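So this block is entry_9.txt, compact mmCIF, C-alpha atoms:
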# COMPACT_ATOMS: atom_id res chain seq x y z
CA MET A 1 100.46 118.38 114.55
CA ALA A 2 101.35 118.19 110.87
CA SER A 3 98.29 118.28 108.61
CA GLU A 4 100.07 116.18 105.98
CA MET A 5 102.15 113.05 106.26
CA LYS A 6 105.88 113.74 106.26
CA GLN A 7 108.46 111.03 105.80
CA PRO A 8 111.04 111.09 108.60
CA GLU A 9 114.74 111.33 107.99
CA VAL A 10 116.36 107.98 108.80
CA TYR A 11 119.77 107.53 110.44
CA TRP A 12 121.54 104.30 111.39
CA THR A 13 123.90 103.59 114.26
CA LYS A 14 126.26 100.63 114.69
CA PRO A 15 127.30 98.91 117.92
CA ASN A 16 130.75 99.63 119.30
CA ALA A 17 132.72 98.87 122.46
CA HIS A 18 130.89 101.44 124.58
CA CYS A 19 127.51 101.97 122.88
CA PRO A 20 125.18 99.08 122.05
CA ASN A 21 123.13 101.24 119.68
CA SER A 22 120.35 99.42 117.78
CA ARG A 23 119.31 97.71 114.58
CA LEU A 24 116.32 100.09 114.68
CA PRO A 25 116.84 103.45 112.96
CA VAL A 26 116.86 106.93 114.46
CA LEU A 27 113.87 108.81 113.02
CA VAL A 28 113.81 112.61 112.72
CA TYR A 29 110.50 114.28 111.88
CA ARG A 30 110.61 117.91 110.75
CA SER A 31 108.04 120.55 111.74
CA VAL A 32 105.43 118.16 113.11
CA LEU A 33 104.56 119.69 116.50
CA PRO A 34 101.51 121.88 117.22
CA ASP A 35 101.98 125.53 116.29
CA ASP A 36 101.92 126.79 119.89
CA MET A 37 104.46 124.14 121.05
CA THR A 38 103.65 124.24 124.74
CA GLU A 39 104.23 121.32 127.08
CA GLU A 40 100.48 120.92 127.34
CA SER A 41 99.79 120.91 123.59
CA VAL A 42 102.69 118.58 122.79
CA SER A 43 101.77 116.22 125.63
CA LYS A 44 98.22 116.07 124.30
CA ALA A 45 99.24 115.50 120.69
CA ILE A 46 101.91 112.86 121.34
CA GLY A 47 99.97 111.36 124.24
CA ALA A 48 97.14 110.57 121.83
CA ASN A 49 99.62 108.20 120.18
CA GLN A 50 100.45 106.44 123.46
CA TRP A 51 103.77 108.26 124.14
CA PHE A 52 103.79 110.22 127.39
CA HIS A 53 105.68 113.19 128.82
CA GLY A 54 108.47 112.15 131.17
CA GLY A 55 110.33 115.42 131.63
CA THR A 56 111.39 118.72 130.07
CA PHE A 57 115.10 119.45 129.63
CA LYS A 58 117.67 121.86 128.22
CA HIS A 59 121.07 121.34 126.58
CA TYR A 60 122.51 117.95 127.61
CA PRO A 61 126.12 117.48 126.44
CA SER A 62 126.90 114.09 128.02
CA ALA A 63 126.70 111.08 125.71
CA HIS A 64 124.34 108.49 127.18
CA PHE A 65 121.84 105.78 126.31
CA HIS A 66 118.86 104.14 127.99
CA SER A 67 118.90 100.34 128.06
CA ASN A 68 115.34 100.00 129.35
CA THR A 69 113.20 102.25 127.14
CA HIS A 70 112.86 103.89 123.77
CA GLU A 71 112.66 107.68 123.75
CA CYS A 72 111.22 110.58 121.78
CA TYR A 73 112.76 114.08 121.90
CA ALA A 74 110.38 116.89 120.98
CA ALA A 75 112.11 120.28 120.53
CA ILE A 76 109.72 123.00 121.69
CA SER A 77 112.06 126.01 121.45
CA GLY A 78 115.47 126.96 120.12
CA ARG A 79 117.83 124.77 118.13
CA THR A 80 120.50 122.14 118.77
CA HIS A 81 123.11 119.99 117.06
CA CYS A 82 122.89 116.28 117.91
CA LEU A 83 125.52 113.55 117.88
CA TYR A 84 124.26 109.94 117.96
CA GLY A 85 125.90 106.54 118.11
CA VAL A 86 129.19 107.34 119.87
CA GLY A 87 130.43 108.09 123.38
CA PRO A 88 133.40 110.05 124.76
CA LEU A 89 135.78 107.09 124.32
CA ASP A 90 134.85 106.45 120.69
CA ASP A 91 135.94 107.98 117.40
CA LEU A 92 133.44 110.82 117.02
CA SER A 93 133.66 110.59 113.23
CA ASP A 94 131.81 107.26 113.49
CA GLY A 95 128.75 109.04 114.87
CA VAL A 96 125.63 110.37 113.21
CA GLU A 97 125.00 114.13 113.27
CA PHE A 98 121.96 116.25 112.54
CA ASP A 99 120.40 119.55 113.59
CA MET A 100 117.05 120.01 115.30
CA GLN A 101 114.94 123.07 115.87
CA ALA A 102 111.62 123.90 117.48
CA GLY A 103 108.90 121.73 115.95
CA ASP A 104 111.16 118.76 115.22
CA ILE A 105 111.07 115.31 116.83
CA ALA A 106 113.80 112.67 117.11
CA VAL A 107 112.92 109.09 118.04
CA HIS A 108 115.66 106.71 119.14
CA ALA A 109 115.57 103.12 120.32
CA ALA A 110 116.79 101.74 123.61
CA GLY A 111 120.57 101.41 123.51
CA VAL A 112 121.23 104.29 121.10
CA ALA A 113 123.82 106.78 122.38
CA HIS A 114 122.86 110.45 122.00
CA ARG A 115 123.75 113.95 123.16
CA ASN A 116 123.64 117.63 122.26
CA THR A 117 126.96 119.11 121.12
CA GLU A 118 125.83 122.70 120.67
CA SER A 119 122.53 124.43 121.48
CA SER A 120 121.02 127.89 121.50
CA GLU A 121 120.37 129.39 124.92
CA ASP A 122 116.62 128.98 124.49
CA TYR A 123 116.80 125.30 123.46
CA VAL A 124 114.23 123.20 125.34
CA TYR A 125 113.05 119.69 124.58
CA MET A 126 110.51 117.30 126.04
CA GLY A 127 111.28 113.64 126.63
CA LEU A 128 108.36 111.34 125.82
CA TYR A 129 108.18 107.60 126.42
CA PRO A 130 105.98 104.70 125.25
CA LYS A 131 103.01 103.68 127.34
CA GLY A 132 104.11 101.35 130.11
CA ALA A 133 107.81 102.20 129.82
CA PRO A 134 109.80 102.20 133.07
CA LYS A 135 111.65 105.24 134.36
CA TRP A 136 114.64 105.63 132.07
CA ASN A 137 118.11 104.66 133.22
CA ASN A 138 121.25 106.51 132.13
CA ASN A 139 124.36 104.74 130.87
CA PHE A 140 127.23 107.07 129.99
CA CYS A 141 129.05 105.05 127.32
CA LYS A 142 132.18 104.34 129.40
CA ALA A 143 131.67 100.69 130.40
CA ASP A 144 133.80 97.80 129.17
CA GLU A 145 132.73 95.62 126.27
CA GLY A 146 131.21 92.94 128.49
CA GLU A 147 128.92 95.35 130.32
CA THR A 148 128.08 97.13 127.07
CA ARG A 149 127.13 93.79 125.51
CA ALA A 150 124.88 93.00 128.49
CA LYS A 151 123.23 96.41 128.25
CA GLY A 152 122.74 95.82 124.54
CA GLU A 153 120.97 92.55 125.21
CA GLU A 154 118.69 94.35 127.66
CA ALA A 155 118.00 97.09 125.12
CA SER A 156 117.25 94.65 122.30
CA GLY A 157 114.61 93.03 124.52
CA VAL A 158 112.61 96.24 124.89
CA ASP A 159 109.35 95.90 122.96
CA VAL A 160 108.94 98.16 119.95
CA PRO A 161 105.86 100.35 120.58
CA ASP A 162 102.76 99.63 118.55
CA TRP A 163 102.25 103.35 117.91
CA ASP A 164 104.44 105.89 116.14
CA PRO A 165 104.67 109.02 118.37
CA VAL A 166 103.86 111.38 115.50
CA TYR A 167 101.36 109.50 113.36
CA GLY A 168 99.99 106.77 115.63
CA PHE A 169 99.54 103.50 113.77
CA ASN A 170 98.38 102.41 110.34
CA ALA A 171 95.97 99.57 109.75
CA VAL A 172 94.90 97.82 106.59
CA THR A 173 91.81 95.67 106.60
CA GLY A 174 88.96 94.23 104.63
CA GLY A 175 86.45 96.58 106.15
CA GLY A 176 83.63 97.34 103.75
CA SER A 177 80.96 95.73 105.93
CA GLY A 178 80.25 93.64 109.00
CA ILE A 179 83.11 92.82 111.36
CA GLY A 180 85.60 94.62 109.14
CA PHE A 181 83.69 97.89 109.21
CA ALA A 182 83.29 97.62 112.98
CA PHE A 183 87.06 97.14 113.31
CA VAL A 184 87.68 100.17 111.09
CA LYS A 185 85.52 102.43 113.26
CA GLN A 186 87.09 101.29 116.51
CA CYS A 187 90.66 101.66 115.21
CA HIS A 188 89.87 105.07 113.75
CA ALA A 189 88.42 106.20 117.07
CA LYS A 190 91.81 105.40 118.62
CA GLY A 191 93.62 107.60 116.12
CA ALA A 192 94.65 105.01 113.54
CA ARG A 193 94.94 105.75 109.85
CA ILE A 194 93.27 103.02 107.84
CA ILE A 195 93.23 101.59 104.33
CA ILE A 196 89.99 99.70 103.71
CA GLY A 197 90.33 97.02 101.07
CA ASP A 198 87.14 95.53 99.68
CA LEU A 199 85.20 95.07 96.47
CA LYS A 200 82.75 97.72 97.59
CA LEU A 201 81.54 99.61 100.64
CA THR A 202 78.11 99.27 102.17
CA SER A 203 76.11 102.50 102.22
CA ASP A 204 76.91 102.94 105.93
CA ALA A 205 80.62 102.43 105.34
CA GLU A 206 80.59 104.72 102.31
CA GLN A 207 78.94 107.46 104.35
CA TYR A 208 81.44 106.99 107.18
CA VAL A 209 84.45 107.21 104.86
CA SER A 210 83.04 110.30 103.14
CA LYS A 211 82.91 112.11 106.48
CA THR A 212 86.55 111.39 107.36
CA LYS A 213 89.66 113.01 105.98
CA ASP A 214 91.39 111.13 103.18
CA SER A 215 94.54 111.37 105.30
CA GLU A 216 92.80 109.23 107.96
CA VAL A 217 90.65 106.62 106.21
CA ALA A 218 90.84 105.65 102.55
CA PHE A 219 89.10 103.01 100.45
CA GLN A 220 91.02 100.85 97.98
CA LYS A 221 89.12 98.46 95.75
CA CYS A 222 90.48 94.97 96.30
CA ASP A 223 89.65 91.50 95.06
CA VAL A 224 91.22 89.36 97.79
CA THR A 225 91.67 86.44 95.39
CA SER A 226 94.17 88.62 93.51
CA TRP A 227 97.60 88.64 95.13
CA ASP A 228 98.44 91.79 93.17
CA ASP A 229 95.46 93.53 94.80
CA LEU A 230 96.60 92.40 98.25
CA HIS A 231 100.08 93.76 97.53
CA ASP A 232 98.57 97.06 96.38
CA LEU A 233 96.78 97.54 99.71
CA ILE A 234 100.16 97.88 101.40
CA SER A 235 101.36 100.13 98.59
CA ALA A 236 98.32 102.34 99.18
CA SER A 237 99.32 102.74 102.83
CA VAL A 238 102.84 103.78 101.81
CA GLU A 239 101.48 106.23 99.24
CA LYS A 240 98.83 107.83 101.46
CA PHE A 241 100.34 107.55 104.93
CA GLY A 242 104.06 107.36 104.26
CA ALA A 243 104.60 103.94 105.83
CA VAL A 244 103.65 100.29 105.61
CA PRO A 245 100.84 99.33 108.00
CA ASP A 246 101.43 98.30 111.59
CA VAL A 247 98.23 96.25 111.83
CA TYR A 248 96.87 93.84 109.22
CA ALA A 249 93.39 92.35 109.42
CA PRO A 250 92.42 90.14 106.47
CA ILE A 251 88.74 89.85 107.33
CA ALA A 252 86.92 89.20 104.05
CA GLY A 253 85.22 85.81 103.98
CA ILE A 254 82.27 83.91 102.54
CA TYR A 255 79.94 81.26 103.97
CA GLU A 256 78.95 78.44 101.61
CA PRO A 257 77.47 80.58 98.81
CA SER A 258 75.61 78.80 96.04
CA TRP A 259 78.53 79.47 93.69
CA SER A 260 81.22 77.95 95.93
CA ASN A 261 80.42 75.16 98.36
CA PHE A 262 81.06 71.46 98.79
CA TRP A 263 77.59 70.22 97.85
CA ASP A 264 77.01 72.20 94.64
CA ASP A 265 80.03 70.81 92.83
CA GLU A 266 82.39 73.35 91.23
CA THR A 267 84.02 72.80 87.86
CA SER A 268 86.22 75.90 87.57
CA GLY A 269 89.36 74.23 88.90
CA SER A 270 89.39 75.54 92.46
CA TYR A 271 87.04 76.38 95.30
CA LYS A 272 86.66 80.14 95.58
CA THR A 273 85.69 79.67 99.23
CA ILE A 274 89.21 78.36 99.87
CA ARG A 275 90.80 81.14 97.83
CA ILE A 276 88.93 83.79 99.82
CA ASN A 277 88.84 82.23 103.29
CA VAL A 278 92.26 80.54 103.32
CA ASP A 279 94.62 81.63 100.53
CA HIS A 280 93.92 85.34 101.01
CA PRO A 281 94.65 85.66 104.75
CA ILE A 282 97.69 83.40 104.51
CA LYS A 283 99.19 85.32 101.57
CA PHE A 284 98.39 88.66 103.20
CA THR A 285 100.19 87.52 106.34
CA ARG A 286 103.30 86.76 104.29
CA LEU A 287 103.10 90.17 102.62
CA ALA A 288 102.72 91.76 106.06
CA MET A 289 105.86 90.03 107.33
CA ARG A 290 107.83 91.23 104.31
CA ALA A 291 106.55 94.79 104.71
CA LEU A 292 107.34 94.89 108.43
CA ALA A 293 110.81 93.38 107.94
CA GLY A 294 111.56 95.96 105.27
CA ALA A 295 110.48 98.78 107.58
CA GLU A 296 112.39 97.28 110.55
CA LYS A 297 109.34 97.42 112.78
CA GLN A 298 107.03 95.13 114.68
CA GLY A 299 103.39 94.61 113.86
CA VAL A 300 100.24 92.56 114.29
CA VAL A 301 98.18 90.33 112.01
CA CYS A 302 94.73 89.61 113.42
CA LEU A 303 93.04 86.78 111.54
CA VAL A 304 89.33 86.01 111.60
CA ALA A 305 88.46 82.34 111.98
CA SER A 306 85.16 81.12 113.47
CA THR A 307 83.74 78.78 116.05
CA ALA A 308 83.42 76.55 112.98
CA GLY A 309 87.21 76.28 113.22
CA ILE A 310 86.88 74.00 116.25
CA ARG A 311 83.57 72.32 115.45
CA ALA A 312 82.03 70.09 112.79
CA ASN A 313 79.27 71.28 110.44
CA TYR A 314 78.11 68.84 107.77
CA LEU A 315 75.93 71.50 106.12
CA ALA A 316 78.86 73.93 105.78
CA SER A 317 81.76 71.52 105.42
CA LEU A 318 83.89 73.69 103.12
CA TYR A 319 83.53 76.75 105.34
CA THR A 320 84.35 74.58 108.36
CA ALA A 321 87.50 73.29 106.67
CA SER A 322 88.56 76.83 105.78
CA LYS A 323 88.23 78.06 109.36
CA HIS A 324 90.06 75.02 110.76
CA ALA A 325 92.86 76.05 108.39
CA ILE A 326 93.00 79.57 109.83
CA VAL A 327 93.10 78.33 113.42
CA GLY A 328 95.92 75.95 112.51
CA PHE A 329 97.80 78.68 110.64
CA ALA A 330 97.53 81.13 113.55
CA LYS A 331 98.87 78.50 115.95
CA ALA A 332 101.70 77.61 113.58
CA MET A 333 102.72 81.27 113.22
CA GLY A 334 102.89 81.99 116.96
CA GLN A 335 106.68 81.80 116.94
CA ALA A 336 106.86 84.85 114.65
CA ASP A 337 106.00 86.96 117.70
CA VAL A 338 109.16 85.79 119.47
CA ASP A 339 111.53 85.61 116.50
CA GLU A 340 110.36 88.50 114.31
CA GLY A 341 108.21 90.76 116.46
CA VAL A 342 105.14 90.01 114.34
CA LYS A 343 102.18 88.95 116.48
CA ILE A 344 99.79 86.71 114.55
CA ASN A 345 96.62 85.63 116.32
CA ALA A 346 93.02 84.79 115.50
CA VAL A 347 89.53 85.55 116.72
CA LEU A 348 86.85 82.82 116.56
CA PRO A 349 83.44 84.52 116.43
CA GLY A 350 80.17 82.76 116.91
CA LEU A 351 77.11 83.82 114.94
CA VAL A 352 77.38 87.53 114.05
CA THR A 353 74.69 89.70 112.47
CA SER A 354 76.34 90.69 109.18
CA PRO A 355 75.97 90.58 105.38
CA LEU A 356 77.52 87.12 105.53
CA TRP A 357 74.02 85.98 106.51
CA LEU A 358 71.74 88.80 105.46
CA ASP A 359 72.96 89.46 101.91
CA ARG A 360 72.18 86.05 100.42
CA GLU A 361 70.02 84.57 97.68
CA ASP A 362 69.71 81.08 99.18
CA ASN A 363 67.97 79.70 102.28
CA MET A 364 71.06 79.14 104.42
CA ILE A 365 69.53 80.92 107.42
CA GLU A 366 66.57 78.53 107.30
CA TRP A 367 68.67 75.45 106.54
CA GLY A 368 71.05 76.10 109.41
CA LYS A 369 68.31 77.12 111.87
CA TYR A 370 70.16 80.40 112.45
CA ALA A 371 67.15 82.70 112.72
CA GLY A 372 66.26 81.70 116.28
CA ARG A 373 69.78 81.80 117.64
CA LYS A 374 71.22 84.60 119.74
CA GLN A 375 73.67 86.63 117.71
CA LEU A 376 76.64 88.89 118.32
CA GLN A 377 76.94 92.32 116.74
CA PRO A 378 79.95 93.23 114.58
CA ASP A 379 81.09 95.76 117.20
CA ASP A 380 81.45 92.92 119.71
CA ILE A 381 84.11 91.30 117.53
CA GLY A 382 85.67 94.59 116.44
CA GLU A 383 86.24 95.54 120.08
CA LEU A 384 87.80 92.15 120.84
CA MET A 385 90.11 92.45 117.84
CA VAL A 386 91.35 95.84 119.03
CA ARG A 387 92.14 94.30 122.42
CA MET A 388 93.96 91.44 120.75
CA VAL A 389 96.04 93.92 118.77
CA GLU A 390 96.92 96.09 121.75
CA SER A 391 97.25 93.77 124.74
CA LYS A 392 100.28 91.63 125.55
CA GLU A 393 97.84 89.11 127.03
CA TYR A 394 97.17 87.89 123.50
CA GLU A 395 100.63 86.81 122.35
CA GLY A 396 101.36 85.28 118.98
CA GLY A 397 99.41 82.10 118.30
CA THR A 398 96.56 82.98 120.66
CA CYS A 399 93.09 82.11 119.39
CA VAL A 400 90.15 83.69 121.21
CA LEU A 401 86.62 82.33 120.99
CA LYS A 402 83.68 84.71 121.45
CA THR A 403 79.98 83.82 121.35
CA PRO A 404 76.92 85.54 122.82
CA TYR A 405 77.46 83.35 125.88
CA GLU A 406 81.20 83.39 126.54
CA GLU A 407 84.63 84.75 125.68
CA ARG A 408 87.69 82.62 126.32
CA ILE A 409 91.14 81.81 125.04
CA GLN A 410 90.61 78.68 122.98
CA GLU A 411 94.25 78.19 122.02
CA GLU A 412 97.07 79.60 124.14
CA GLY A 413 99.93 81.49 122.55
CA HIS A 414 103.31 80.18 121.50
CA THR A 415 105.41 80.80 124.61
CA LYS A 416 102.77 79.39 126.96
CA LEU A 417 102.44 76.27 124.83
CA GLN A 418 106.22 75.87 124.71
CA GLN A 419 106.35 75.97 128.48
CA LYS A 420 103.64 73.32 128.73
CA MET A 421 105.46 71.12 126.23
CA LYS A 422 108.55 71.23 128.44
CA GLU A 423 106.45 69.85 131.28
CA TYR A 424 104.77 67.16 129.16
CA ASP A 425 105.15 66.40 125.47
CA PRO A 426 103.11 63.38 124.30
CA SER A 427 105.16 63.15 121.10
CA PRO A 428 108.71 64.49 121.60
CA ARG A 429 110.58 65.52 118.47
CA PRO A 430 113.79 67.38 117.57
CA GLU A 431 113.62 71.15 117.23
CA ALA A 432 113.21 72.16 113.59
CA ALA A 433 116.06 73.94 111.79
CA LEU A 434 114.78 77.43 110.97
CA ASP A 435 117.84 78.85 109.20
CA ARG A 436 116.05 79.03 105.85
CA ILE A 437 113.20 81.07 107.35
CA LYS A 438 115.56 83.41 109.18
CA ASP A 439 117.70 83.89 106.07
CA ASN A 440 114.64 84.73 103.97
CA LEU A 441 113.40 87.33 106.43
CA GLN A 442 116.88 88.76 106.98
CA SER A 443 117.18 89.34 103.24
CA GLU A 444 114.00 91.43 103.40
CA ARG A 445 115.10 93.69 106.25
CA GLY A 446 115.70 97.36 105.58
CA LYS A 447 114.23 97.25 102.07
CA ASN A 448 111.64 99.77 100.94
CA TRP A 449 108.26 98.38 99.97
CA THR A 450 107.96 97.87 96.22
Represent the structure contained in this file as structure tokens.
Amino acid sequence: MASEMKQPEVYWTKPNAHCPNSRLPVLVYRSVLPDDMTEESVSKAIGANQWFHGGTFKHYPSAHFHSNTHECYAAISGRTHCLYGVGPLDDLSDGVEFDMQAGDIAVHAAGVAHRNTESSEDYVYMGLYPKGAPKWNNNFCKADEGETRAKGEEASGVDVPDWDPVYGFNAVTGGGSGIGFAFVKQCHAKGARIIIGDLKLTSDAEQYVSKTKDSEVAFQKCDVTSWDDLHDLISASVEKFGAVPDVYAPIAGIYEPSWSNFWDDETSGSYKTIRINVDHPIKFTRLAMRALAGAEKQGVVCLVASTAGIRANYLASLYTASKHAIVGFAKAMGQADVDEGVKINAVLPGLVTSPLWLDREDNMIEWGKYAGRKQLQPDDIGELMVRMVESKEYEGGTCVLKTPYEERIQEEGHTKLQQKMKEYDPSPRPEAALDRIKDNLQSERGKNWT
């Protein structure tokens, strides 16, 4: 595969009477396949990014689209000229044209019409499909408008894959220590490229980053109380990896330090605990939604709350309030999964061995009687977060509790809750008007990150 990040060419198709096409762009990557370009080597390289070989084909001149799956064409020999967006009954001048040759990849969404118009005799391409995709269907762009509209609705309901077939997925996280560093390692092991945002790295994290390629894992100094710094984390992903992140994990947090807690009264005008534990993840989620809308892609925000988010703790009242806020925010944002394709959920860890407890100057461990309690390791939570990112089981709004003794869904996701509310709603109310939200997000679609 390509040793450096290459921005794809982007082409847009519009719906017409015979081709539903898609609001998602056609992406063409140049010279990104392994040098030997065999079926085996390409299957291995693209398969690592969760797209799998479905067949190998030659010149295909019939315009068609698939209403049930997205598709990736990998040219492994020869050359071809492609025509996208139109069928045999349409004005061909309305289509999108480009050439491909061995080493190139084209990725098109469900519903997008495509065909070869001219190919060399040795032209061969592989069709690759997202993990879990059904066997593709063929629609030949000759149906009436009603059937085309129905096929378009089917195509628009196909989930956008979490992974790019060429470069996998990008993640940005507060990962200098503890749970964040564990999440970094587990995402990197799955092929993700990661921006770590933190004030500093622990020695273990610094050593880990130094052993990886800068094109895979990079550190960006970040004060999470600075919204400019949060914005710059996404900019760093664009600069280093060529795209906004797919996964966002605002993990940084503090636990009742002597310089910001309820009992040692602050006079600076705001509680820094709230700025770090509440303001930062909420603002970063909004930045994530803008970045994803601009890139026309789906994504995940995995928030870190705590078992304190469902319990009371007089000793750590400010921390408790901050984690209740994150649980409430995750629940409130569940609908973004349905409406915008942005899955926002939260993990609620119990006691975890991390610098949150170990790197302190006070006696919180003694005060809270934490020393004798069974503790989780950061990897336990990092592994759960990866599952919450990847699995459809954890839809938007899902909050998962994990302690040394149990793991369970504490708060069900948005669609499950909506179904329950239809069966019994103790306080019925009219459905809120969301036009303002939809208009705001629509205005951000298709805009480059700045």
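Between Asn137 in chain A and the candidates A:Ala155, A:Ile76, A:Cys19, A:Ala236, the tightest atom-to-atom separation, counting all atoms listed in the file, involves A:Ala155.
Considering the residues A:Pro20, A:Asn116, A:Glu121, A:Pro25 and counting all atoms listed in the file, Thr148 in chain A has its shortest atom-to-atom contact with A:Pro20.
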With all atoms listed in the file counted, which protein, DNA or RNA residues have an atom no more than 10 Å from (83.7, 98.7, 106.3) in the file frame? Please answer as a list in words.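 All residues meeting the 10 Å criterion around (83.7, 98.7, 106.3) are Thr173, Gly174, Gly175, Gly176, Ser177, Gly178, Ile179, Gly180, Phe181, Ala182, Phe183, Val184, Lys185, Ile196, Gly197, Asp198, Lys200, Leu201, Thr202, Ser203, Asp204, Ala205, Glu206, Tyr208, Val209 and Phe219 of chain A.
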Among listed residues A:Leu89, A:Leu24, A:Val107, A:Val342, nearest Tyr73 in chain A (using only C-alpha atoms):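 Using only C-alpha atoms, the shortest distance to Tyr73 in chain A belongs to A:Val107.
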Can you tell me, as a short mmCIF file (atom, residue, chain, number, x, y, z; two decimals) with C-alpha atoms, in the frame of the given file, what residues are no more than 12 Å from Glu147 in chain A when counting all atoms listed in the file, ignoring any on the same chain fewer than 5 positions away?
data_model
loop_
_atom_site.label_atom_id
_atom_site.label_comp_id
_atom_site.auth_asym_id
_atom_site.auth_seq_id
_atom_site.Cartn_x
_atom_site.Cartn_y
_atom_site.Cartn_z
CA ASN A 16 130.75 99.63 119.30
CA ALA A 17 132.72 98.87 122.46
CA HIS A 18 130.89 101.44 124.58
CA CYS A 19 127.51 101.97 122.88
CA PRO A 20 125.18 99.08 122.05
CA SER A 67 118.90 100.34 128.06
CA ASN A 139 124.36 104.74 130.87
CA PHE A 140 127.23 107.07 129.99
CA CYS A 141 129.05 105.05 127.32
CA LYS A 142 132.18 104.34 129.40
CA GLY A 152 122.74 95.82 124.54
CA GLU A 153 120.97 92.55 125.21
CA GLU A 154 118.69 94.35 127.66
#
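The residue that comes closest to Arg445 in chain A, out of A:Pro8, A:Pro34, A:Gly294, A:Pro15 and on the basis of all atoms listed in the file, is A:Gly294.
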Please report the interatomic distance between CA of Val278 in chain A and CA of Leu199 in chain A in Å with one decimal.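 One can read the CA of Val278 in chain A to CA of Leu199 in chain A distance as 17.5 Å.
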Quick one: distance from CA of Tyr11 in chain A to CA of Ala106 in chain A in Å, one decimal?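 That distance, rounded to one decimal, is 10.3 Å.
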Top pick for closest residue to Val244 in chain A, considering A:Lys438, A:Arg408, A:Lys447, A:His114 and counting only C-alpha atoms: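 Going through A:Lys438, A:Arg408, A:Lys447, A:His114 one by one, the smallest distance to Val244 in chain A is for A:Lys447.
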Extract, using only C-alpha atoms, all DNA, RNA and protein residues at most 9 Å from Ser317 in chain A, discarding same-chain residues fewer than 6 positions from it, and format them as an NGL selection string. :A and (256 or 261-263)
So the first atom is CA of Asn68 in chain A and the second is CA of Leu128 in chain A; what is the distance between them in Å, to one decimal place?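 Interatomic distance, CA of Asn68 in chain A to CA of Leu128 in chain A: 13.8 Å.
The nearest approach to Val300 in chain A among the residues A:Trp163, A:Tyr125, A:Tyr84, A:Tyr271, with only C-alpha atoms taken into account, belongs to A:Trp163.
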Find the residues near Arg286 in chain A: any atom within 12 Å, counting only C-alpha atoms, skip ones fewer than 6 places away on the same chain, and give them as a list in words.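 The neighbour list is Trp227, Leu230, His231, Ile234, Tyr248, Pro250, Asp279, His280, Leu292, Ala293, Val300, Val301, Phe329, Met333, Ala336, Val342, Ile344, Ile437, Asn440, Leu441 and Glu444 of chain A.
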Can you pull out the residues contacting Val386 in chain A? Cut-off 10 Å, using all atoms listed in the file, and skip same-chain residues under 4 positions away; I want them as a PDB file with C-alpha atoms, keeping the file's coordinate frame.
ATOM      1  CA  PHE A 183      87.060  97.140 113.310  1.00  0.00           C
ATOM      2  CA  VAL A 184      87.680 100.170 111.090  1.00  0.00           C
ATOM      3  CA  GLN A 186      87.090 101.290 116.510  1.00  0.00           C
ATOM      4  CA  CYS A 187      90.660 101.660 115.210  1.00  0.00           C
ATOM      5  CA  LYS A 190      91.810 105.400 118.620  1.00  0.00           C
ATOM      6  CA  VAL A 247      98.230  96.250 111.830  1.00  0.00           C
ATOM      7  CA  CYS A 302      94.730  89.610 113.420  1.00  0.00           C
ATOM      8  CA  ILE A 381      84.110  91.300 117.530  1.00  0.00           C
ATOM      9  CA  GLY A 382      85.670  94.590 116.440  1.00  0.00           C
ATOM     10  CA  GLU A 390      96.920  96.090 121.750  1.00  0.00           C
ATOM     11  CA  SER A 391      97.250  93.770 124.740  1.00  0.00           C
TER      12      SER A 391
END
